[in-house]
Structures are given as structure tokens and as C-alpha cells.
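Text of the file entry20.txt, holding compact mmCIF, C-alpha atoms:
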```txt
# COMPACT_ATOMS: atom_id res chain seq x y z
CA MET C 1 23.61 21.26 -16.78
CA THR C 2 22.27 17.74 -16.31
CA SER C 3 19.84 15.95 -14.05
CA ALA C 4 20.35 13.10 -11.64
CA ARG C 5 19.69 9.67 -13.07
CA PRO C 6 16.14 8.43 -12.43
CA SER C 7 15.63 5.21 -10.51
CA GLU C 8 15.45 2.07 -12.62
CA PRO C 9 12.22 0.07 -12.87
CA ASP C 10 12.00 -3.63 -13.65
CA ILE C 11 12.20 -4.58 -17.33
CA ASP C 12 10.21 -7.38 -18.97
CA ILE C 13 12.67 -8.95 -21.40
CA SER C 14 10.27 -11.66 -22.56
CA THR C 15 7.93 -9.27 -24.37
CA PRO C 16 9.10 -7.37 -27.45
CA HIS C 17 9.01 -3.59 -27.23
CA PRO C 18 9.09 -1.01 -30.08
CA ALA C 19 12.05 0.94 -28.66
CA ARG C 20 14.18 -2.20 -28.38
CA ILE C 21 13.13 -3.48 -31.81
CA TYR C 22 14.10 -0.10 -33.23
CA ASP C 23 17.46 -0.34 -31.45
CA CYS C 24 17.97 -3.74 -33.05
CA LEU C 25 17.11 -2.39 -36.50
CA LEU C 26 19.69 0.36 -35.98
CA GLY C 27 22.37 -2.18 -35.06
CA GLY C 28 22.41 -1.32 -31.36
CA ASP C 29 22.89 -3.75 -28.49
CA HIS C 30 20.17 -2.65 -26.05
CA HIS C 31 17.66 -5.37 -26.90
CA PHE C 32 16.78 -8.99 -26.09
CA PRO C 33 15.94 -12.21 -27.99
CA ALA C 34 12.22 -11.39 -28.05
CA ASP C 35 12.99 -8.08 -29.76
CA ARG C 36 15.46 -9.64 -32.21
CA ALA C 37 12.90 -12.27 -33.18
CA VAL C 38 10.54 -9.53 -34.35
CA ALA C 39 13.26 -7.51 -36.07
CA GLU C 40 14.48 -10.53 -37.98
CA ARG C 41 11.01 -11.12 -39.44
CA LEU C 42 10.85 -7.62 -40.86
CA PRO C 43 11.99 -6.84 -44.42
CA ALA C 44 15.29 -5.18 -45.22
CA ALA C 45 13.42 -1.92 -45.81
CA ALA C 46 12.70 -1.76 -42.09
CA ARG C 47 16.41 -1.46 -41.28
CA LEU C 48 16.93 1.06 -44.04
CA GLY C 49 13.90 2.97 -42.82
CA ALA C 50 15.20 3.12 -39.25
CA ARG C 51 18.48 4.62 -40.44
CA ALA C 52 16.70 7.05 -42.77
CA ASN C 53 14.48 8.14 -39.90
CA ARG C 54 17.45 8.89 -37.65
CA ALA C 55 19.00 10.86 -40.50
CA PHE C 56 15.80 12.91 -40.74
CA MET C 57 15.96 13.64 -37.00
CA ARG C 58 19.53 14.90 -37.33
CA ARG C 59 18.84 17.07 -40.37
CA ALA C 60 15.60 18.54 -39.05
CA THR C 61 16.93 19.19 -35.54
CA ALA C 62 20.03 20.95 -36.84
CA TRP C 63 17.95 23.05 -39.22
CA VAL C 64 15.41 24.02 -36.53
CA ALA C 65 18.19 24.95 -34.09
CA GLY C 66 19.71 27.03 -36.86
CA THR C 67 16.49 29.06 -37.09
CA GLY C 68 17.04 30.21 -33.49
CA ILE C 69 14.79 27.81 -31.59
CA ASP C 70 16.74 26.72 -28.53
CA GLN C 71 14.15 24.56 -26.72
CA PHE C 72 13.18 21.01 -27.68
CA LEU C 73 10.56 18.60 -26.33
CA ASP C 74 11.27 15.12 -27.73
CA ILE C 75 8.49 12.64 -26.95
CA GLY C 76 9.13 8.97 -27.60
CA SER C 77 12.86 9.57 -27.42
CA GLY C 78 13.77 5.89 -27.49
CA ILE C 79 16.98 4.18 -26.46
CA PRO C 80 20.00 6.51 -26.84
CA THR C 81 21.62 6.27 -30.27
CA GLU C 82 24.48 8.63 -31.09
CA PRO C 83 24.15 11.34 -31.96
CA ASN C 84 21.12 11.99 -29.78
CA LEU C 85 18.84 14.96 -30.41
CA HIS C 86 20.40 17.11 -27.70
CA ARG C 87 23.88 16.59 -29.13
CA VAL C 88 22.68 17.73 -32.54
CA ALA C 89 20.82 20.77 -31.16
CA GLN C 90 23.56 21.76 -28.73
CA GLY C 91 26.11 21.30 -31.49
CA VAL C 92 24.39 24.22 -33.22
CA ASP C 93 23.70 26.21 -30.04
CA PRO C 94 25.26 24.95 -26.79
CA ARG C 95 22.57 26.82 -24.82
CA CYS C 96 19.75 24.60 -26.10
CA ARG C 97 17.46 23.02 -23.53
CA VAL C 98 16.07 19.57 -24.26
CA VAL C 99 13.42 17.54 -22.45
CA TYR C 100 13.09 13.89 -23.41
CA ALA C 101 9.93 11.95 -22.60
CA ASP C 102 9.41 8.20 -22.86
CA TYR C 103 7.59 5.56 -20.85
CA ASP C 104 9.72 2.50 -21.67
CA PRO C 105 11.68 1.24 -18.63
CA MET C 106 14.53 0.26 -20.97
CA VAL C 107 14.85 3.85 -22.13
CA LEU C 108 14.83 4.99 -18.51
CA ARG C 109 17.72 2.65 -17.73
CA TYR C 110 19.88 4.45 -20.28
CA ALA C 111 18.55 7.94 -19.53
CA GLU C 112 21.91 8.95 -18.10
CA GLU C 113 23.30 8.89 -21.65
CA LEU C 114 20.48 11.18 -22.76
CA LEU C 115 21.28 13.60 -19.96
CA ALA C 116 24.92 14.21 -20.86
CA GLY C 117 24.60 17.65 -22.43
CA THR C 118 26.64 20.83 -22.63
CA PRO C 119 27.40 22.92 -19.52
CA GLU C 120 25.65 25.92 -21.11
CA GLY C 121 22.46 23.98 -21.89
CA ARG C 122 20.24 21.60 -20.02
CA THR C 123 18.85 18.12 -20.64
CA GLU C 124 16.15 16.35 -18.63
CA PHE C 125 14.29 13.05 -18.90
CA VAL C 126 10.59 12.67 -18.10
CA ARG C 127 9.06 9.24 -17.74
CA ALA C 128 5.62 9.71 -19.28
CA ASP C 129 3.40 8.41 -22.07
CA VAL C 130 2.39 10.51 -25.07
CA ARG C 131 -1.18 9.58 -24.11
CA GLU C 132 -0.69 11.81 -21.04
CA PRO C 133 0.10 15.19 -22.64
CA ALA C 134 -0.89 17.19 -19.54
CA ALA C 135 1.63 15.29 -17.41
CA ILE C 136 4.39 15.75 -19.98
CA LEU C 137 3.72 19.47 -20.29
CA GLU C 138 3.58 20.00 -16.54
CA ARG C 139 6.96 18.40 -15.97
CA ALA C 140 8.54 19.95 -19.07
CA ARG C 141 7.65 23.42 -17.79
CA ALA C 142 10.28 23.00 -15.08
CA VAL C 143 12.91 23.17 -17.82
CA LEU C 144 11.34 24.85 -20.84
CA ASP C 145 9.89 28.35 -21.10
CA PHE C 146 6.54 27.86 -22.83
CA ASP C 147 6.26 31.60 -23.46
CA ARG C 148 9.02 31.18 -26.04
CA PRO C 149 9.13 28.90 -29.10
CA VAL C 150 9.64 25.18 -28.52
CA ALA C 151 10.33 22.45 -31.09
CA LEU C 152 8.02 19.49 -30.48
CA SER C 153 9.69 16.36 -31.82
CA LEU C 154 7.52 13.30 -32.53
CA ILE C 155 9.85 11.00 -34.43
CA ALA C 156 8.56 7.55 -35.45
CA LEU C 157 6.11 7.57 -32.55
CA LEU C 158 2.52 8.13 -33.61
CA HIS C 159 2.19 4.94 -35.66
CA PHE C 160 2.19 3.20 -32.27
CA VAL C 161 -0.84 5.24 -31.18
CA PRO C 162 -4.08 3.66 -32.43
CA ASP C 163 -7.02 5.69 -33.66
CA SER C 164 -8.92 4.77 -30.48
CA ASP C 165 -6.42 6.88 -28.46
CA ASP C 166 -7.09 9.97 -30.64
CA PRO C 167 -3.55 10.72 -31.83
CA TYR C 168 -4.71 13.95 -33.48
CA GLY C 169 -6.19 15.18 -30.22
CA LEU C 170 -2.99 14.30 -28.36
CA VAL C 171 -0.84 16.27 -30.79
CA ARG C 172 -3.23 19.21 -30.69
CA ALA C 173 -3.13 19.26 -26.88
CA LEU C 174 0.66 19.47 -27.02
CA LEU C 175 0.72 22.14 -29.72
CA ASP C 176 -1.91 24.26 -27.99
CA ALA C 177 0.48 24.69 -25.04
CA LEU C 178 3.25 26.12 -27.23
CA ALA C 179 3.96 29.73 -28.13
CA PRO C 180 3.67 31.09 -31.69
CA GLY C 181 6.85 30.42 -33.60
CA SER C 182 7.10 26.91 -32.15
CA CYS C 183 7.30 23.99 -34.53
CA LEU C 184 6.36 20.36 -34.98
CA VAL C 185 9.01 17.93 -36.26
CA LEU C 186 7.30 14.66 -37.17
CA SER C 187 7.92 11.42 -39.00
CA HIS C 188 5.34 8.65 -39.37
CA LEU C 189 5.39 5.14 -40.81
CA THR C 190 3.46 4.65 -44.05
CA MET C 191 2.74 1.82 -46.46
CA ASP C 192 1.76 4.22 -49.24
CA LEU C 193 4.79 3.41 -51.36
CA PHE C 194 4.81 -0.36 -50.89
CA THR C 195 2.84 -3.11 -52.58
CA PRO C 196 0.41 -5.22 -50.51
CA GLU C 197 2.97 -8.02 -50.64
CA GLU C 198 5.63 -5.73 -49.13
CA ASP C 199 3.36 -4.59 -46.30
CA ARG C 200 4.48 -6.52 -43.20
CA THR C 201 2.30 -4.71 -40.68
CA ALA C 202 0.61 -7.99 -39.75
CA ASP C 203 3.97 -9.54 -38.86
CA TYR C 204 4.69 -6.70 -36.46
CA ARG C 205 1.24 -6.87 -34.90
CA SER C 206 1.60 -10.62 -34.38
CA SER C 207 4.23 -9.83 -31.74
CA GLY C 208 1.58 -8.11 -29.65
CA ILE C 209 2.55 -4.55 -30.60
CA ASP C 210 -0.13 -2.36 -32.11
CA LEU C 211 1.02 -0.65 -35.30
CA ARG C 212 -0.96 1.84 -37.35
CA PRO C 213 0.78 3.00 -40.52
CA ARG C 214 -1.01 6.02 -42.01
CA THR C 215 -1.41 7.46 -45.47
CA ARG C 216 0.02 10.79 -46.53
CA ALA C 217 -3.41 12.38 -46.16
CA GLU C 218 -3.74 11.01 -42.64
CA VAL C 219 -0.25 12.16 -41.62
CA SER C 220 -0.86 15.62 -43.07
CA ARG C 221 -3.70 16.11 -40.57
CA PHE C 222 -1.13 16.35 -37.76
CA PHE C 223 0.05 19.58 -39.41
CA ASP C 224 -3.39 21.17 -39.68
CA GLY C 225 -3.11 24.88 -38.86
CA LEU C 226 0.70 24.85 -39.17
CA ASP C 227 2.86 26.34 -41.89
CA LEU C 228 4.81 23.50 -43.48
CA VAL C 229 8.30 24.46 -44.54
CA ASP C 230 9.71 23.36 -47.89
CA PRO C 231 9.82 20.68 -49.15
CA GLY C 232 6.57 19.96 -47.26
CA LEU C 233 5.41 16.52 -46.16
CA VAL C 234 7.68 14.13 -48.03
CA THR C 235 9.77 11.00 -47.76
CA GLY C 236 13.45 11.78 -47.31
CA TRP C 237 12.90 15.32 -45.94
CA HIS C 238 15.78 17.70 -46.57
CA ARG C 239 16.39 21.43 -46.91
CA ASP C 240 19.16 21.23 -49.49
CA ALA C 241 18.93 21.75 -53.23
CA GLN C 242 19.74 18.09 -53.69
CA PRO C 243 18.60 15.29 -51.36
CA PRO C 244 21.44 13.86 -49.24
CA ALA C 245 22.70 10.38 -49.98
CA ASP C 246 20.94 8.87 -46.97
CA THR C 247 17.52 9.47 -48.57
CA GLU C 248 18.33 7.56 -51.75
CA SER C 249 17.54 4.11 -50.33
CA ASP C 250 14.23 2.29 -50.00
CA GLY C 251 14.36 3.26 -46.34
CA ALA C 252 13.26 6.77 -47.23
CA ARG C 253 10.02 5.32 -48.58
CA THR C 254 8.88 4.03 -45.20
CA ALA C 255 7.87 7.31 -43.58
CA TRP C 256 6.30 10.68 -44.28
CA SER C 257 8.17 13.46 -42.55
CA GLY C 258 7.91 17.21 -42.23
CA VAL C 259 8.42 20.36 -40.18
CA GLY C 260 5.63 22.86 -39.53
CA PHE C 261 5.53 26.15 -37.61
CA LEU C 262 2.80 27.59 -35.42
CA ARG C 263 1.59 31.01 -36.54
```

Exercise: express the given structure as C-alpha cells:
Amino acid sequence: MTSARPSEPDIDISTPHPARIYDCLLGGDHHFPADRAVAERLPAAARLGARANRAFMRRATAWVAGTGIDQFLDIGSGIPTEPNLHRVAQGVDPRCRVVYADYDPMVLRYAEELLAGTPEGRTEFVRADVREPAAILERARAVLDFDRPVALSLIALLHFVPDSDDPYGLVRALLDALAPGSCLVLSHLTMDLFTPEEDRTADYRSSGIDLRPRTRAEVSRFFDGLDLVDPGLVTGWHRDAQPPADTESDGARTAWSGVGFLR
């Protein structure tokens, strides 16, 4: 089951936007010259990191769906890039229900692609900002049963939330609404494994986009009170005996990622 396509707002193509820069790094075509200008100033590790991050989303989503969780709330979904989260989850269990939330008008324009799910399941798109958790939860309740476990997916999102917006409080507000047995799937940009010369945060910020990489200790705070599953909070998260090939590049060094369950 799918939803009707939301109405399209105006899009400012003169100002770079994280979702479109990310699309450019992934080799997509849903971006503009202002976005490409930023992407081209970033080091090669940024492109590798974007691909490694998408690989983490696919691995973690498939594993979580395999545990029996059939409801997903993906905040900061970004511009559709195949395979999208719902395709991964519904590939494991066609009955999975997925709610995407994003505030970027460009993402909204392509929401129809996000809403093409299986007949047995359901996909919906909510236009909302992670800084408005109450609004996201209210609208997600029309699709998801919050009395049953939900997977909260925050992939490559929170490094765009500055400390002044209390990212830890925002995540806690979302988690507090979920039933025991729910989980948090999170990846977060870090500069822990790069030299000061390799840190290009200032280049990104010069485009007018706030960026807050965090250390492993800072990222681990998002999982406070949760049970982290093996291998814990790592770069190149995987559940196999050997890490898959897509974690063997420098791209895997750009983010801490993990999965944690609510007791």
C-alpha cells in the first residue's frame, strides 16, 4: 500500500543543501551546480564515506528486519537512492511498514519513489524536521503501531544538528515514544580517524551548512540506556565473521555506526 504524492514546494537551487550534496557524492543526478561546487571541494574520502554509509544502512536494515521488527521510522531519509530502506526491509519481510521523514523540498519532490513499496506493506512520507520530534511521532502513528517494536533509523543525520539544538534530547524524545524491543540504527560523521590536515569540516561549513562531526565518546551517548549489539559502535559495522568488502576503504573511517535495542 502506498500514499498519494505530496504537493511540491519551491526549491532554492542557488543554495547548497546536505541531501543534494550527498546525492552528488553518491553519483546521483538530483543536485545542482551549488551542490556540486561543495562536493568537488571535499576529499575523496567523502565519496567513499557516502557509499560506505549506504552500505551500512542496507546491512543494518536487513539484519534488523531479520530479527522480526517490521516497522521502521527513517528520519532524514534523503533523496531516493536505490535500494531505499523500504526495499531492503520489505525484501526481508514484505509486510514491513516504513515511514520516511525529511524536511528538504528536494526530497519531497522525489517522495513518490520512496512510496513505491510492496502491496503487503506500507510506505509513507512525512515532511518534518528532526528538531520537531513530537510532530514526526504524531504523524508516524497513523502508520506505525507504537505499542510494538519500531526501528528508528538516523543515518548520517545528526552531524547536521548542532549542540545548541540538543541532539541528545531529540533522540531521547524519539526513543521514549517507542516500545521495548525497539532499536536505534545510527551512523554519525567523525574526524577521529583523520589527521588535522585531512579534516575538511571548515570547507563544508564555508558553504553555509552547519556540520558537527563528533567523537566516538560523543556518538556513544546517543546509545545511552540501549543494549548495543555486536560489534558495538564501530566504523564499518557488520554482523558477519569477516567485514564485507565495502568496509575496507577509507570511507569506512568517516563514521561511527551501531545498532542498539531498548530494554

Polymer residues at most 9 Å from Val219 in chain C, all atoms listed in the file, same-chain spacing of 2 or more positions, as a ChimeraX atom specification: /C:187-188,190,214-217,221-223,233,256-257

Atomic distance CA of Arg239 in chain C - CA of Ala19 in chain C, expressed in Å with one decimal: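 These atoms are spaced 27.8 Å apart.
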
Residue nearest Ser207 in chain C - candidates C:Ile11, C:Cys96, C:Ala39, C:Ala55, atoms counted: all atoms listed in the file: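 Checking each of C:Ile11, C:Cys96, C:Ala39, C:Ala55 against Ser207 in chain C, counting all atoms listed in the file, the winner is C:Ala39.
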
Which of C:Glu82, C:Asp129, C:Glu197, C:Asp176 sits closest to Asp147 in chain C [using all atoms listed in the file]: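 Between C:Glu82, C:Asp129, C:Glu197, C:Asp176, the residue approaching Asp147 in chain C most closely is C:Asp176.
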
Residues near Ala179 in chain C, cut-off 7 Å, all atoms listed in the file, skip fewer than 5 positions along chain, as a ChimeraX atom specification: /C:146-149

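Shortest separation to His238 in chain C among C:Leu48, C:Val38, C:Ala60, C:Ile75 occurs at residue C:Ala60, atoms counted being all atoms listed in the file.
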
Atom pair CA of Val88 in chain C / CA of Ala62 in chain C: separation (Å):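 CA of Ala62 in chain C lies 6.0 Å from CA of Val88 in chain C.
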
Please return the centre and edge lengths, in Å to one decimal, of a box with edges along x, y and z that contains all listed atoms of range 203-215 of chain C, widened by 5 Å on every side, as AutoDock Vina command-line options.
```
--center_x 1.6 --center_y -1.6 --center_z -37.6 --size_x 16.1 --size_y 28.1 --size_z 25.8
```

Nearest residue to Leu226 in chain C from the set C:Thr81, C:Thr254, C:Ser164, C:Ser182 (distances using only C-alpha atoms):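 Of the candidates, the smallest distance to Leu226 in chain C is held by C:Ser182.
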
For Pro83 in chain C: contacts at 12 Å, all atoms listed in the file, fewer than 2 positions along chain excluded, given as a list in words: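 Final neighbour list, sorted by chain and number: Arg54, Ala55, Met57, Arg58, Arg59, Thr61, Ala62, Ile79, Pro80, Thr81, Leu85, His86, Arg87, Val88, Ala89, Gln90, Gly91, Glu113, Leu114, Ala116 and Gly117 of chain C.
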
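Considering the residues C:Ala140, C:Ala34, C:Val185, C:Ala177 and counting all atoms listed in the file, Thr15 in chain C has its shortest atom-to-atom contact with C:Ala34.
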
Pick from C:Val234, C:Val99, C:Ala142, C:Val64 nearest to Ala128 in chain C, counting all atoms listed in the file: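 Counting all atoms listed in the file, the residue closest to Ala128 in chain C is C:Val99.
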
Near-Asp165 in chain C list (12 Å; all atoms listed in the file; drop same-chain fewer than 3 positions) as a list of chain:residue names: C:Asp129, C:Val130, C:Arg131, C:Glu132, C:Leu158, C:His159, C:Phe160, C:Val161, C:Pro162, C:Tyr168, C:Gly169, C:Leu170, C:Val171, C:Asp210, C:Arg212

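Our summary of the geometry notes that CA of Gly68 in chain C is positioned 17.7 Å from CA of Val143 in chain C.
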
Within 12 Å of Pro16 in chain C using all atoms listed in the file, minus same-chain residues under 4 positions, as an NGL selection string: :C and (11-12 or 20-24 or 31-39 or 104 or 106 or 204-210)
